[in-house]
Amino acid sequence: MIAPISLLAELLQALPQLRAQIYFKSSMTALSHAMEDLVLAGSDGEPLVIASFQRERFYRQEAHRYRRIAERSSQVYVLAAPETDFKNSSECHENIAFDPSDGLSQEWHLVVLGEHYSTCLICHEKILQPPQEENRGLRGMDQARRFEGIWTFDREVSSKAAALLLERIVKYRPELTEKVDRARATYNLVKVPKTKRKSVNSKTALPDKKGTQESKVPIPKLSDVFAERLVTYLQAGQHKLLKAYASIAAQERKERLVNLITTAMRQSLNPHEIIEIAVQELGSALSACRCLIYRCKTTDAQVNIDREFLRAGVSSLLGETWYLQENPVFNYAVERQQSVYILDTAEHPLTSSNEELRAIVQRWQIVSWLMVPVLYQGRILGMVELHQSRSTLPWEEDELALVEAIATQLGAALIQAETYAHLEELNQQLEALDRTRSNLIAITGHELRTPLSTIQVCLESLSSEPDMPAEIRQIMLETALGDAERMRKLVQDFLTLSYLESGQVAWNLESLTLQECVDLALSSVKARSFDRTLPEIITEVSAQLPLVKADGEWLVEVLSKLLDNACKFTNSQGTVTVRACCNGCGMVEVLVADTGRGIEPNSLKVVFDRFYQEEGALRRSAGGTGLGLAICKQIVAGWGGKIWADSAGKDKGSEFHFTIPIV
């Protein structure tokens, strides 16, 4: 069943005077279509048509044409190697499914035999060898596939090719023998001696279907008809080529602009510089009258226009406020997260049905309006707008695709800039953490080593001096106990802050009377300061204040630490004031003020940082770890309040404010 050699080789053996030529697939397609059109013209009865496709997929591209050809003739045979559902059948024409390993799978044939004309195309594909590196790219291009073969009007050659193909058909479908024999008889497909070969210009009459001769029937001039058909296909091919060139040029322009934006991204992490390059290049490339690119979020009500491309004679929007939520075009683009192109603002329902938008369109002379959102993973980062102030040709699909590509690049650029800003912030946090580490080492070295040394000296003295007077013994014991308590408070502050920062605190929120919590805090401060004179403490907390919602134990802790801090930095002749009032926002604002040494203005934002000490870790005039205010900040944030500090400067006192929710 499988032929050992190709049909082209058999034909060249039978007719040695033939010489094969090289054809590209694009040329063969044009030739095949011209040959098929001769049949579809229907000027020559029922011609014999034999088409051999390499694979079923190639036949599928031409199946509609062969169904039409089958309506013109009952002698139509289509051969192909099956890939899906191609099989032997006789529905509209004769389908012959040959074995994929047959030499026909490497060949492309089309034979047409009519009473007054004949033509054939017999080709074998030339498979490029792997060593031909320069041709490897061409192998992937369908139109660049090469074939070696013969194309002719010669009736003898066409008849011989038809006879060879009919032999293949009978081998695969023996049931068609009778029909094939009729075709052989009708078209005189017998072996013709070389001396009796007839050329296409011969005026010898052909036998009709009944075997008689009609010498009076004129042979049409096929070269003119065929040339007309072929030129039509070549012109169509040229038109496609021009479109391809235009597409390549558009793609090149798109890639140039995208590369420009990408280069800008690599050279600068400043989003303003990137947007400036994009707005100028994009507006120029699309010949827009105005191009705007601005950053915005979905919820923004308005933006200030700070980047613009502008043509001469067009009003500038720089510095203008561009309202977003009142703009249906903006809302449409944001809701669908896709571009909106309005060719004529006077006719489009989004712009013509809104009075405010009509006024904007008229004021800024916007005839055509393109709005493309700048997106990153579904998040709106900004918007690209292009305006035309006069009627022009609409932007093509490739131009719209270019704007969308630039918007995509801008999205990546803005995210990159945000990431860089976050890295900068993270670096600052790491620097702060490093300072914290240094402070921790200094503070723990000072706050732990000093009391430990004192305790050690006291205990060694007590141990080595059994006859020490009772008064001195008592002093040493009290000193050791005091420093031990100092160490305990330091460790306790460390543990408290770590516990609060872990986020694992179970807040026991309850309704409390603020006056009661202030009294408890004052008692605690006075009990711890029995050995020193405190400044005057004034409380101005009205009993008429509403109940507050907080954790009572932690609220007392905040008040105690703020009062203790105020007393520590205020001399005994000064005053400390505790005041509370409603701030009108559902909160009670508590103030702890003192007349002490105050805080420098540049330190107000960092006084709540861990281990902060205004004087430095090793030269403080007052003890402490610098953790008290950091603990207060964590506690107040736990019940949803805020805490901040105010001071007029050095030696002008300090004020610490915090808020508590009202029940």
# chains A, B, ... in the order shown; residues from 1 in each chain; ligands from 1

call {"tool": "residues_around", "arguments": {"residues": "Gly319 in chain A", "least_positions_apart": "5", "cutoff": "10 Å", "atoms": "only C-alpha atoms", "output": "list of chain:residue names"}}
result
A:Val303, A:Asn304, A:Ile305, A:Asp306, A:Arg307, A:Glu308

call {"tool": "residues_around", "arguments": {"residues": "Thr513 in chain A", "least_positions_apart": "3", "cutoff": "7 Å", "atoms": "only C-alpha atoms", "output": "VMD selection string"}}
result
chain A and resid 516 to 517 547 to 548

call {"tool": "write_last_selection", "arguments": {"atoms": "C-alpha atoms", "output": "PDB file, in the first residue's frame"}}
result
ATOM      1  CA  GLU A 516     -10.875  57.057  90.868  1.00  0.00           C
ATOM      2  CA  CYS A 517      -8.050  55.976  88.506  1.00  0.00           C
ATOM      3  CA  LEU A 547     -17.509  57.097  82.321  1.00  0.00           C
ATOM      4  CA  VAL A 548     -14.587  55.961  80.211  1.00  0.00           C
TER       5      VAL A 548
END

call {"tool": "atom_distance", "arguments": {"atom1": "CA of Val663 in chain A", "atom2": "CA of Ala550 in chain A"}}
result
9.0 Å

call {"tool": "residues_around", "arguments": {"residues": "range 561-564 of chain A", "least_positions_apart": "4", "cutoff": "9 Å", "atoms": "only C-alpha atoms", "output": "PyMOL selection string"}}
result
chain A and resi 521-522+525+529+537+556-557+568-569+576-578+592-593+628-629+631-632+656

call {"tool": "closest_atom_pairs", "arguments": {"of": "range 373-412 of chain A", "to": "range 345-369 of chain A", "cutoff": "10 Å", "atoms": "only C-alpha atoms", "output": "JSON lines"}}
result
{"residue": "A:Glu385", "atom": "CA", "partner": "A:Trp369", "partner_atom": "CA", "distance": 7.2}
{"residue": "A:Leu386", "atom": "CA", "partner": "A:Trp369", "partner_atom": "CA", "distance": 6.0}
{"residue": "A:His387", "atom": "CA", "partner": "A:Trp369", "partner_atom": "CA", "distance": 4.9}
{"residue": "A:Gln388", "atom": "CA", "partner": "A:Ser368", "partner_atom": "CA", "distance": 4.9}
{"residue": "A:Ser389", "atom": "CA", "partner": "A:Ile366", "partner_atom": "CA", "distance": 4.8}
{"residue": "A:Arg390", "atom": "CA", "partner": "A:Val367", "partner_atom": "CA", "distance": 5.8}
{"residue": "A:Ser391", "atom": "CA", "partner": "A:Val367", "partner_atom": "CA", "distance": 6.6}
{"residue": "A:Thr392", "atom": "CA", "partner": "A:Ser368", "partner_atom": "CA", "distance": 8.6}
{"residue": "A:Pro394", "atom": "CA", "partner": "A:Ser368", "partner_atom": "CA", "distance": 8.5}
{"residue": "A:Trp395", "atom": "CA", "partner": "A:Ser368", "partner_atom": "CA", "distance": 9.8}

call {"tool": "select_by_dssp", "arguments": {"residues": "range 295-375 of chain A", "states": "helix (DSSP H, G or I)", "output": "number ranges by chain"}}
result
A: 328-336, 349-352, 355-363

call {"tool": "decode", "arguments": {"residues": "range 519-551 of chain A", "atoms": "N, CA and C atoms", "output": "compact mmCIF listing (two decimals), in the first residue's frame"}}
result
# COMPACT_ATOMS: atom_id res chain seq x y z
N ASP A 519 -6.76 59.02 91.37
CA ASP A 519 -6.43 58.90 92.80
C ASP A 519 -5.53 57.70 93.05
N LEU A 520 -5.80 56.57 92.42
CA LEU A 520 -4.96 55.39 92.60
C LEU A 520 -3.55 55.63 92.08
N ALA A 521 -3.44 56.31 90.94
CA ALA A 521 -2.12 56.60 90.39
C ALA A 521 -1.34 57.54 91.30
N LEU A 522 -2.00 58.56 91.89
CA LEU A 522 -1.32 59.48 92.80
C LEU A 522 -0.82 58.75 94.04
N SER A 523 -1.62 57.85 94.56
CA SER A 523 -1.21 57.07 95.74
C SER A 523 0.02 56.24 95.43
N SER A 524 0.04 55.64 94.25
CA SER A 524 1.17 54.81 93.86
C SER A 524 2.44 55.63 93.73
N VAL A 525 2.34 56.83 93.11
CA VAL A 525 3.52 57.68 92.93
C VAL A 525 4.05 58.15 94.28
N LYS A 526 3.15 58.57 95.18
CA LYS A 526 3.58 59.05 96.50
C LYS A 526 4.21 57.94 97.32
N ALA A 527 3.69 56.72 97.19
CA ALA A 527 4.25 55.60 97.94
C ALA A 527 5.67 55.28 97.49
N ARG A 528 5.94 55.43 96.21
CA ARG A 528 7.27 55.12 95.69
C ARG A 528 8.26 56.25 95.91
N SER A 529 7.75 57.44 96.28
CA SER A 529 8.63 58.61 96.42
C SER A 529 8.70 59.08 97.87
N PHE A 530 8.67 58.13 98.80
CA PHE A 530 8.67 58.50 100.21
C PHE A 530 9.99 59.16 100.62
N ASP A 531 11.07 58.90 99.86
CA ASP A 531 12.38 59.39 100.26
C ASP A 531 12.76 60.71 99.60
N ARG A 532 11.86 61.33 98.84
CA ARG A 532 12.16 62.60 98.21
C ARG A 532 10.92 63.49 98.22
N THR A 533 11.18 64.79 98.10
CA THR A 533 10.10 65.78 98.14
C THR A 533 9.54 65.96 96.74
N LEU A 534 8.25 65.75 96.61
CA LEU A 534 7.60 65.87 95.30
C LEU A 534 7.15 67.30 95.06
N PRO A 535 7.03 67.70 93.81
CA PRO A 535 6.43 69.01 93.50
C PRO A 535 4.94 68.98 93.84
N GLU A 536 4.33 70.15 93.84
CA GLU A 536 2.89 70.21 94.11
C GLU A 536 2.11 69.58 92.96
N ILE A 537 1.20 68.66 93.29
CA ILE A 537 0.39 67.97 92.27
C ILE A 537 -1.05 68.48 92.37
N ILE A 538 -1.55 69.06 91.27
CA ILE A 538 -2.90 69.64 91.23
C ILE A 538 -3.76 68.77 90.32
N THR A 539 -4.92 68.35 90.80
CA THR A 539 -5.84 67.56 89.97
C THR A 539 -7.08 68.38 89.67
N GLU A 540 -7.45 68.45 88.42
CA GLU A 540 -8.65 69.16 87.97
C GLU A 540 -9.50 68.20 87.14
N VAL A 541 -9.99 67.18 87.79
CA VAL A 541 -10.79 66.15 87.13
C VAL A 541 -12.20 66.23 87.69
N SER A 542 -13.15 66.64 86.88
CA SER A 542 -14.52 66.82 87.34
C SER A 542 -15.21 65.48 87.56
N ALA A 543 -15.98 65.43 88.61
CA ALA A 543 -16.77 64.22 88.88
C ALA A 543 -17.91 64.06 87.88
N GLN A 544 -18.19 65.14 87.12
CA GLN A 544 -19.28 65.09 86.15
C GLN A 544 -18.85 64.50 84.80
N LEU A 545 -17.58 64.17 84.66
CA LEU A 545 -17.11 63.56 83.41
C LEU A 545 -17.82 62.23 83.18
N PRO A 546 -18.11 61.90 81.93
CA PRO A 546 -18.74 60.60 81.66
C PRO A 546 -17.78 59.44 81.95
N LEU A 547 -18.34 58.28 82.10
CA LEU A 547 -17.51 57.10 82.32
C LEU A 547 -16.67 56.82 81.07
N VAL A 548 -15.47 56.31 81.33
CA VAL A 548 -14.59 55.96 80.21
C VAL A 548 -14.51 54.45 80.10
N LYS A 549 -14.17 53.98 78.86
CA LYS A 549 -14.07 52.55 78.60
C LYS A 549 -12.62 52.19 78.39
N ALA A 550 -12.02 51.54 79.41
CA ALA A 550 -10.60 51.18 79.33
C ALA A 550 -10.33 50.04 80.28
N ASP A 551 -9.11 49.51 80.22
CA ASP A 551 -8.67 48.50 81.17
C ASP A 551 -8.14 49.25 82.39
